[in-house]
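Listing of model35.cif, mmCIF, N, CA and C atoms
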```cif
data_input
loop_
_atom_site.group_PDB
_atom_site.id
_atom_site.type_symbol
_atom_site.label_atom_id
_atom_site.label_comp_id
_atom_site.auth_asym_id
_atom_site.auth_seq_id
_atom_site.Cartn_x
_atom_site.Cartn_y
_atom_site.Cartn_z
ATOM 1 N N MET A 699 19.602 115.791 -131.299
ATOM 2 C CA MET A 699 19.002 117.026 -131.751
ATOM 3 C C MET A 699 20.022 118.136 -131.924
ATOM 4 N N ALA A 700 21.271 117.872 -131.632
ATOM 5 C CA ALA A 700 22.268 118.932 -131.678
ATOM 6 C C ALA A 700 22.371 119.578 -133.055
ATOM 7 N N GLY A 701 22.259 118.796 -134.154
ATOM 8 C CA GLY A 701 22.388 119.364 -135.475
ATOM 9 C C GLY A 701 21.093 119.897 -136.047
ATOM 10 N N MET A 702 20.000 119.725 -135.339
ATOM 11 C CA MET A 702 18.693 120.140 -135.835
ATOM 12 C C MET A 702 18.502 121.642 -135.674
ATOM 13 N N SER A 703 17.903 122.241 -136.671
ATOM 14 C CA SER A 703 17.597 123.667 -136.595
ATOM 15 C C SER A 703 16.742 123.937 -135.362
ATOM 16 N N PRO A 704 16.998 125.027 -134.631
ATOM 17 C CA PRO A 704 16.169 125.342 -133.469
ATOM 18 C C PRO A 704 14.704 125.517 -133.833
ATOM 19 N N MET A 705 14.435 125.813 -135.111
ATOM 20 C CA MET A 705 13.063 126.004 -135.538
ATOM 21 C C MET A 705 12.247 124.725 -135.354
ATOM 22 N N PHE A 706 12.919 123.569 -135.472
ATOM 23 C CA PHE A 706 12.214 122.304 -135.412
ATOM 24 C C PHE A 706 12.442 121.549 -134.112
ATOM 25 N N ARG A 707 13.255 122.093 -133.232
ATOM 26 C CA ARG A 707 13.510 121.440 -131.953
ATOM 27 C C ARG A 707 12.330 121.611 -131.026
ATOM 28 N N ARG A 708 12.007 120.577 -130.325
ATOM 29 C CA ARG A 708 10.965 120.654 -129.294
ATOM 30 C C ARG A 708 11.456 119.920 -128.075
ATOM 31 N N ASP A 709 11.111 120.418 -126.939
ATOM 32 C CA ASP A 709 11.450 119.758 -125.691
ATOM 33 C C ASP A 709 10.360 118.729 -125.431
ATOM 34 N N GLY A 710 10.690 117.466 -125.564
ATOM 35 C CA GLY A 710 9.707 116.402 -125.440
ATOM 36 C C GLY A 710 9.282 116.119 -124.011
ATOM 37 N N ARG A 711 9.977 116.697 -123.058
ATOM 38 C CA ARG A 711 9.616 116.440 -121.660
ATOM 39 C C ARG A 711 8.348 117.182 -121.296
ATOM 40 N N ARG A 712 7.470 116.513 -120.578
ATOM 41 C CA ARG A 712 6.228 117.147 -120.115
ATOM 42 C C ARG A 712 6.158 116.991 -118.609
ATOM 43 N N LYS A 713 5.659 117.984 -117.972
ATOM 44 C CA LYS A 713 5.491 117.910 -116.524
ATOM 45 C C LYS A 713 4.342 116.978 -116.190
ATOM 46 N N ASP A 714 4.543 116.215 -115.155
ATOM 47 C CA ASP A 714 3.471 115.370 -114.644
ATOM 48 C C ASP A 714 2.359 116.287 -114.163
ATOM 49 N N ARG A 715 1.117 115.922 -114.400
ATOM 50 C CA ARG A 715 -0.024 116.762 -113.993
ATOM 51 C C ARG A 715 0.019 117.067 -112.493
ATOM 52 N N ALA A 716 0.570 116.151 -111.690
ATOM 53 C CA ALA A 716 0.650 116.374 -110.243
ATOM 54 C C ALA A 716 1.649 117.483 -109.907
ATOM 55 N N GLU A 717 2.562 117.789 -110.829
ATOM 56 C CA GLU A 717 3.581 118.811 -110.593
ATOM 57 C C GLU A 717 3.176 120.156 -111.168
ATOM 58 N N LYS A 718 1.915 120.435 -111.271
ATOM 59 C CA LYS A 718 1.408 121.672 -111.868
ATOM 60 C C LYS A 718 2.018 122.891 -111.169
ATOM 61 N N GLN A 719 2.538 123.819 -111.968
ATOM 62 C CA GLN A 719 3.172 125.022 -111.439
ATOM 63 C C GLN A 719 2.161 126.135 -111.249
ATOM 64 N N ASP A 720 2.394 126.949 -110.232
ATOM 65 C CA ASP A 720 1.606 128.154 -110.013
ATOM 66 C C ASP A 720 1.946 129.128 -111.144
ATOM 67 N N PRO A 721 0.941 129.669 -111.855
ATOM 68 C CA PRO A 721 1.231 130.595 -112.956
ATOM 69 C C PRO A 721 2.128 131.762 -112.552
ATOM 70 N N ALA A 722 2.041 132.229 -111.321
ATOM 71 C CA ALA A 722 2.872 133.355 -110.878
ATOM 72 C C ALA A 722 4.349 132.980 -110.818
ATOM 73 N N GLU A 723 4.652 131.686 -110.835
ATOM 74 C CA GLU A 723 6.041 131.223 -110.802
ATOM 75 C C GLU A 723 6.590 130.963 -112.202
ATOM 76 N N ARG A 724 5.782 131.192 -113.221
ATOM 77 C CA ARG A 724 6.198 130.981 -114.604
ATOM 78 C C ARG A 724 6.830 132.266 -115.128
ATOM 79 N N LEU A 725 7.458 132.195 -116.281
ATOM 80 C CA LEU A 725 8.004 133.388 -116.933
ATOM 81 C C LEU A 725 7.857 133.236 -118.437
ATOM 82 N N VAL A 726 7.235 134.213 -119.046
ATOM 83 C CA VAL A 726 7.100 134.263 -120.499
ATOM 84 C C VAL A 726 8.092 135.296 -121.011
ATOM 85 N N THR A 727 8.848 134.910 -122.029
ATOM 86 C CA THR A 727 9.823 135.805 -122.647
ATOM 87 C C THR A 727 9.451 135.999 -124.103
ATOM 88 N N LEU A 728 9.350 137.249 -124.516
ATOM 89 C CA LEU A 728 9.113 137.586 -125.917
ATOM 90 C C LEU A 728 10.416 138.091 -126.500
ATOM 91 N N ILE A 729 10.904 137.398 -127.521
ATOM 92 C CA ILE A 729 12.097 137.830 -128.237
ATOM 93 C C ILE A 729 11.608 138.503 -129.512
ATOM 94 N N ARG A 730 11.944 139.773 -129.659
ATOM 95 C CA ARG A 730 11.381 140.592 -130.738
ATOM 96 C C ARG A 730 12.423 141.541 -131.303
ATOM 97 N N LYS A 731 12.013 142.298 -132.317
ATOM 98 C CA LYS A 731 12.871 143.356 -132.847
ATOM 99 C C LYS A 731 12.001 144.583 -133.090
ATOM 100 N N PRO A 732 12.603 145.751 -133.097
ATOM 101 C CA PRO A 732 11.858 146.985 -133.352
ATOM 102 C C PRO A 732 11.257 146.985 -134.767
ATOM 103 N N GLY A 733 10.071 147.572 -134.880
ATOM 104 C CA GLY A 733 9.432 147.725 -136.173
ATOM 105 C C GLY A 733 8.804 146.457 -136.735
ATOM 106 N N CYS A 734 8.667 145.439 -135.943
ATOM 107 C CA CYS A 734 8.130 144.152 -136.394
ATOM 108 C C CYS A 734 6.644 144.068 -136.035
ATOM 109 N N HIS A 735 5.756 144.060 -137.045
ATOM 110 C CA HIS A 735 4.320 144.027 -136.750
ATOM 111 C C HIS A 735 3.894 142.700 -136.131
ATOM 112 N N LEU A 736 4.532 141.592 -136.499
ATOM 113 C CA LEU A 736 4.210 140.310 -135.849
ATOM 114 C C LEU A 736 4.616 140.327 -134.381
ATOM 115 N N CYS A 737 5.708 141.022 -134.086
ATOM 116 C CA CYS A 737 6.167 141.157 -132.696
ATOM 117 C C CYS A 737 5.154 141.958 -131.880
ATOM 118 N N ASP A 738 4.629 143.023 -132.481
ATOM 119 C CA ASP A 738 3.609 143.828 -131.802
ATOM 120 C C ASP A 738 2.360 142.995 -131.527
ATOM 121 N N ASP A 739 1.945 142.194 -132.515
ATOM 122 C CA ASP A 739 0.779 141.319 -132.331
ATOM 123 C C ASP A 739 1.032 140.306 -131.223
ATOM 124 N N ALA A 740 2.222 139.706 -131.229
ATOM 125 C CA ALA A 740 2.569 138.717 -130.204
ATOM 126 C C ALA A 740 2.559 139.357 -128.821
ATOM 127 N N GLN A 741 3.089 140.564 -128.723
ATOM 128 C CA GLN A 741 3.137 141.240 -127.432
ATOM 129 C C GLN A 741 1.732 141.505 -126.891
ATOM 130 N N GLU A 742 0.811 141.875 -127.751
ATOM 131 C CA GLU A 742 -0.572 142.100 -127.307
ATOM 132 C C GLU A 742 -1.164 140.841 -126.690
ATOM 133 N N VAL A 743 -0.949 139.705 -127.336
ATOM 134 C CA VAL A 743 -1.479 138.435 -126.810
ATOM 135 C C VAL A 743 -0.813 138.103 -125.480
ATOM 136 N N ILE A 744 0.488 138.242 -125.422
ATOM 137 C CA ILE A 744 1.234 137.931 -124.195
ATOM 138 C C ILE A 744 0.786 138.839 -123.055
ATOM 139 N N GLU A 745 0.666 140.125 -123.316
ATOM 140 C CA GLU A 745 0.221 141.057 -122.273
ATOM 141 C C GLU A 745 -1.143 140.652 -121.723
ATOM 142 N N LYS A 746 -2.060 140.298 -122.605
ATOM 143 C CA LYS A 746 -3.415 139.930 -122.182
ATOM 144 C C LYS A 746 -3.408 138.653 -121.352
ATOM 145 N N VAL A 747 -2.785 137.599 -121.872
ATOM 146 C CA VAL A 747 -2.779 136.305 -121.178
ATOM 147 C C VAL A 747 -2.048 136.415 -119.845
ATOM 148 N N CYS A 748 -0.905 137.045 -119.842
ATOM 149 C CA CYS A 748 -0.127 137.167 -118.607
ATOM 150 C C CYS A 748 -0.852 138.017 -117.563
ATOM 151 N N ALA A 749 -1.521 139.062 -117.993
ATOM 152 C CA ALA A 749 -2.295 139.887 -117.051
ATOM 153 C C ALA A 749 -3.452 139.077 -116.473
ATOM 154 N N ASP A 750 -4.141 138.313 -117.322
ATOM 155 C CA ASP A 750 -5.260 137.498 -116.857
ATOM 156 C C ASP A 750 -4.822 136.458 -115.832
ATOM 157 N N LEU A 751 -3.632 135.873 -116.041
ATOM 158 C CA LEU A 751 -3.180 134.765 -115.197
ATOM 159 C C LEU A 751 -2.216 135.175 -114.084
ATOM 160 N N GLY A 752 -1.776 136.425 -114.098
ATOM 161 C CA GLY A 752 -0.801 136.870 -113.101
ATOM 162 C C GLY A 752 0.592 136.313 -113.351
ATOM 163 N N VAL A 753 0.925 136.119 -114.610
ATOM 164 C CA VAL A 753 2.223 135.558 -114.990
ATOM 165 C C VAL A 753 3.161 136.697 -115.392
ATOM 166 N N PRO A 754 4.350 136.731 -114.839
ATOM 167 C CA PRO A 754 5.304 137.754 -115.262
ATOM 168 C C PRO A 754 5.819 137.462 -116.670
ATOM 169 N N TRP A 755 6.160 138.546 -117.385
ATOM 170 C CA TRP A 755 6.732 138.374 -118.704
ATOM 171 C C TRP A 755 7.797 139.425 -118.931
ATOM 172 N N GLU A 756 8.682 139.133 -119.876
ATOM 173 C CA GLU A 756 9.758 140.058 -120.216
ATOM 174 C C GLU A 756 9.900 140.130 -121.726
ATOM 175 N N ARG A 757 10.525 141.196 -122.156
ATOM 176 C CA ARG A 757 10.744 141.428 -123.586
ATOM 177 C C ARG A 757 12.243 141.558 -123.810
ATOM 178 N N LYS A 758 12.746 140.866 -124.851
ATOM 179 C CA LYS A 758 14.158 140.969 -125.213
ATOM 180 C C LYS A 758 14.258 141.381 -126.672
ATOM 181 N N ASP A 759 15.162 142.302 -126.960
ATOM 182 C CA ASP A 759 15.373 142.819 -128.307
ATOM 183 C C ASP A 759 16.484 142.015 -128.972
ATOM 184 N N ILE A 760 16.132 141.329 -130.049
ATOM 185 C CA ILE A 760 17.079 140.466 -130.743
ATOM 186 C C ILE A 760 18.239 141.259 -131.353
ATOM 187 N N THR A 761 18.037 142.539 -131.596
ATOM 188 C CA THR A 761 19.094 143.357 -132.192
ATOM 189 C C THR A 761 20.144 143.773 -131.165
ATOM 190 N N GLU A 762 19.878 143.534 -129.884
ATOM 191 C CA GLU A 762 20.811 143.921 -128.829
ATOM 192 C C GLU A 762 21.532 142.732 -128.209
ATOM 193 N N ASP A 763 21.298 141.519 -128.726
ATOM 194 C CA ASP A 763 21.890 140.315 -128.138
ATOM 195 C C ASP A 763 22.339 139.388 -129.261
ATOM 196 N N GLU A 764 23.638 139.281 -129.450
ATOM 197 C CA GLU A 764 24.193 138.492 -130.547
ATOM 198 C C GLU A 764 23.793 137.015 -130.467
ATOM 199 N N GLU A 765 23.766 136.463 -129.276
ATOM 200 C CA GLU A 765 23.391 135.047 -129.118
ATOM 201 C C GLU A 765 21.927 134.813 -129.505
ATOM 202 N N LEU A 766 21.038 135.678 -129.041
ATOM 203 C CA LEU A 766 19.626 135.552 -129.429
ATOM 204 C C LEU A 766 19.473 135.726 -130.936
ATOM 205 N N HIS A 767 20.227 136.664 -131.511
ATOM 206 C CA HIS A 767 20.169 136.905 -132.945
ATOM 207 C C HIS A 767 20.558 135.639 -133.714
ATOM 208 N N ARG A 768 21.669 135.019 -133.317
ATOM 209 C CA ARG A 768 22.122 133.785 -133.977
ATOM 210 C C ARG A 768 21.081 132.668 -133.852
ATOM 211 N N GLU A 769 20.508 132.519 -132.682
ATOM 212 C CA GLU A 769 19.587 131.411 -132.398
ATOM 213 C C GLU A 769 18.209 131.580 -133.043
ATOM 214 N N TYR A 770 17.678 132.808 -133.047
ATOM 215 C CA TYR A 770 16.262 132.986 -133.380
ATOM 216 C C TYR A 770 15.957 133.918 -134.546
ATOM 217 N N TRP A 771 16.965 134.466 -135.242
ATOM 218 C CA TRP A 771 16.718 135.499 -136.237
ATOM 219 C C TRP A 771 15.623 135.131 -137.233
ATOM 220 N N GLU A 772 15.593 133.905 -137.721
ATOM 221 C CA GLU A 772 14.628 133.510 -138.750
ATOM 222 C C GLU A 772 13.232 133.241 -138.188
ATOM 223 N N GLN A 773 13.069 133.302 -136.875
ATOM 224 C CA GLN A 773 11.814 132.898 -136.268
ATOM 225 C C GLN A 773 11.056 134.017 -135.558
ATOM 226 N N ILE A 774 11.619 135.197 -135.432
ATOM 227 C CA ILE A 774 10.986 136.205 -134.584
ATOM 228 C C ILE A 774 9.599 136.590 -135.080
ATOM 229 N N PRO A 775 8.710 136.913 -134.185
ATOM 230 C CA PRO A 775 8.874 136.863 -132.740
ATOM 231 C C PRO A 775 8.905 135.420 -132.234
ATOM 232 N N VAL A 776 9.654 135.236 -131.172
ATOM 233 C CA VAL A 776 9.759 133.934 -130.516
ATOM 234 C C VAL A 776 9.252 134.101 -129.093
ATOM 235 N N VAL A 777 8.487 133.111 -128.631
ATOM 236 C CA VAL A 777 7.977 133.128 -127.264
ATOM 237 C C VAL A 777 8.563 131.935 -126.517
ATOM 238 N N LEU A 778 9.176 132.234 -125.372
ATOM 239 C CA LEU A 778 9.692 131.198 -124.488
ATOM 240 C C LEU A 778 8.802 131.136 -123.257
ATOM 241 N N VAL A 779 8.579 129.955 -122.759
ATOM 242 C CA VAL A 779 7.894 129.768 -121.475
ATOM 243 C C VAL A 779 8.886 129.057 -120.573
ATOM 244 N N ASP A 780 9.249 129.709 -119.491
ATOM 245 C CA ASP A 780 10.241 129.178 -118.556
ATOM 246 C C ASP A 780 11.537 128.793 -119.274
ATOM 247 N N GLY A 781 11.930 129.598 -120.257
ATOM 248 C CA GLY A 781 13.190 129.395 -120.950
ATOM 249 C C GLY A 781 13.146 128.419 -122.112
ATOM 250 N N ALA A 782 12.042 127.713 -122.304
ATOM 251 C CA ALA A 782 11.911 126.757 -123.411
ATOM 252 C C ALA A 782 11.044 127.376 -124.501
ATOM 253 N N GLN A 783 11.425 127.143 -125.746
ATOM 254 C CA GLN A 783 10.667 127.729 -126.849
ATOM 255 C C GLN A 783 9.249 127.183 -126.874
ATOM 256 N N HIS A 784 8.296 128.095 -126.869
ATOM 257 C CA HIS A 784 6.868 127.741 -126.918
ATOM 258 C C HIS A 784 6.348 127.856 -128.344
ATOM 259 N N THR A 785 6.666 128.961 -129.012
ATOM 260 C CA THR A 785 6.173 129.181 -130.373
ATOM 261 C C THR A 785 6.999 130.264 -131.047
ATOM 262 N N PHE A 786 6.714 130.478 -132.334
ATOM 263 C CA PHE A 786 7.335 131.574 -133.063
ATOM 264 C C PHE A 786 6.373 132.058 -134.134
ATOM 265 N N TRP A 787 6.640 133.236 -134.648
ATOM 266 C CA TRP A 787 5.858 133.963 -135.655
ATOM 267 C C TRP A 787 4.495 134.411 -135.150
ATOM 268 N N ARG A 788 3.608 133.517 -134.826
ATOM 269 C CA ARG A 788 2.263 133.895 -134.357
ATOM 270 C C ARG A 788 1.992 133.224 -133.011
ATOM 271 N N VAL A 789 1.353 133.962 -132.113
ATOM 272 C CA VAL A 789 1.054 133.443 -130.778
ATOM 273 C C VAL A 789 -0.440 133.174 -130.685
ATOM 274 N N ASP A 790 -0.782 131.944 -130.402
ATOM 275 C CA ASP A 790 -2.173 131.560 -130.215
ATOM 276 C C ASP A 790 -2.528 131.741 -128.736
ATOM 277 N N GLU A 791 -3.506 132.596 -128.476
ATOM 278 C CA GLU A 791 -3.871 132.926 -127.097
ATOM 279 C C GLU A 791 -4.239 131.690 -126.283
ATOM 280 N N GLN A 792 -5.079 130.841 -126.819
ATOM 281 C CA GLN A 792 -5.528 129.667 -126.062
ATOM 282 C C GLN A 792 -4.382 128.687 -125.806
ATOM 283 N N ARG A 793 -3.521 128.515 -126.779
ATOM 284 C CA ARG A 793 -2.376 127.600 -126.603
ATOM 285 C C ARG A 793 -1.426 128.128 -125.519
ATOM 286 N N LEU A 794 -1.158 129.424 -125.522
ATOM 287 C CA LEU A 794 -0.308 130.018 -124.502
ATOM 288 C C LEU A 794 -0.965 129.892 -123.133
ATOM 289 N N ARG A 795 -2.240 130.152 -123.057
ATOM 290 C CA ARG A 795 -2.974 130.043 -121.802
ATOM 291 C C ARG A 795 -2.871 128.602 -121.243
ATOM 292 N N ARG A 796 -3.076 127.620 -122.126
ATOM 293 C CA ARG A 796 -2.966 126.213 -121.690
ATOM 294 C C ARG A 796 -1.563 125.889 -121.197
ATOM 295 N N ALA A 797 -0.546 126.371 -121.914
ATOM 296 C CA ALA A 797 0.833 126.111 -121.525
ATOM 297 C C ALA A 797 1.155 126.662 -120.145
ATOM 298 N N LEU A 798 0.498 127.749 -119.785
ATOM 299 C CA LEU A 798 0.765 128.377 -118.498
ATOM 300 C C LEU A 798 -0.101 127.821 -117.356
ATOM 301 N N THR A 799 -1.135 127.090 -117.673
ATOM 302 C CA THR A 799 -2.048 126.620 -116.620
ATOM 303 C C THR A 799 -2.093 125.103 -116.486
ATOM 304 N N GLU A 800 -1.638 124.374 -117.468
ATOM 305 C CA GLU A 800 -1.704 122.897 -117.373
ATOM 306 C C GLU A 800 -0.430 122.325 -116.844
#
```
Rewrite the coordinates I just gave you, this time as structure tokens.
Amino acid sequence: MAGMSPMFRRDGRRKDRAEKQDPAERLVTLIRKPGCHLCDDAQEVIEKVCADLGVPWERKDITEDEELHREYWEQIPVVLVDGAQHTFWRVDEQRLRRALTE
């Protein structure tokens, strides 16, 4: 997967159901840029889901981090769950909720 665009990379590893993580131990990261309406929409979904589940989240500005800019510029907003890419462009509330609870 080294030569594959990050847009199409997926982490094929799945946690065993017996290893279910406590949502409070998870971390959602929103990679965004100023003035981006899709980023604002994504943040609303993340704020709601994380508040409902007690999951911490953080926001990173792609314009302030050269590495994030190189990796994700064509995909923003990008959502990471525990450091792994979960989605980009649009955030589906139910899918994010499942990712944090299953």
Test item: the PyMOL selection byres ((chain A and resi 762-779) around 6.5) resolved as a ChimeraX atom specification: /A:725-731,736-737,759-761,780-788
Nearest residue to Val753 (chain A) from the set A:Val789, A:Glu800, A:Ala722, A:Arg795 (distances using all atoms listed in the file):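 Ranking A:Val789, A:Glu800, A:Ala722, A:Arg795 by distance to Val753 (chain A), first place goes to A:Ala722.
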Just need the box for region 716-735 of chain A, edges along x, y and z, holding every atom the file lists for it with 5 Å tacked onto each side, so centre and edge lengths in Å to one decimal, as AutoDock Vina command-line options.
```
--center_x 6.7 --center_y 131.9 --center_z -123.5 --size_x 22.3 --size_y 41.6 --size_z 37.1
```
Atom-to-atom span, atom C of Glu742 (chain A) and CA of Gln719 (chain A), Å: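 Atom-to-atom, atom C of Glu742 (chain A) to CA of Gln719 (chain A), that is 22.4 Å.
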Pairwise distance for CA of Asp739 (chain A) and atom C of Glu791 (chain A), rounded to one decimal in Å: 12.4 Å
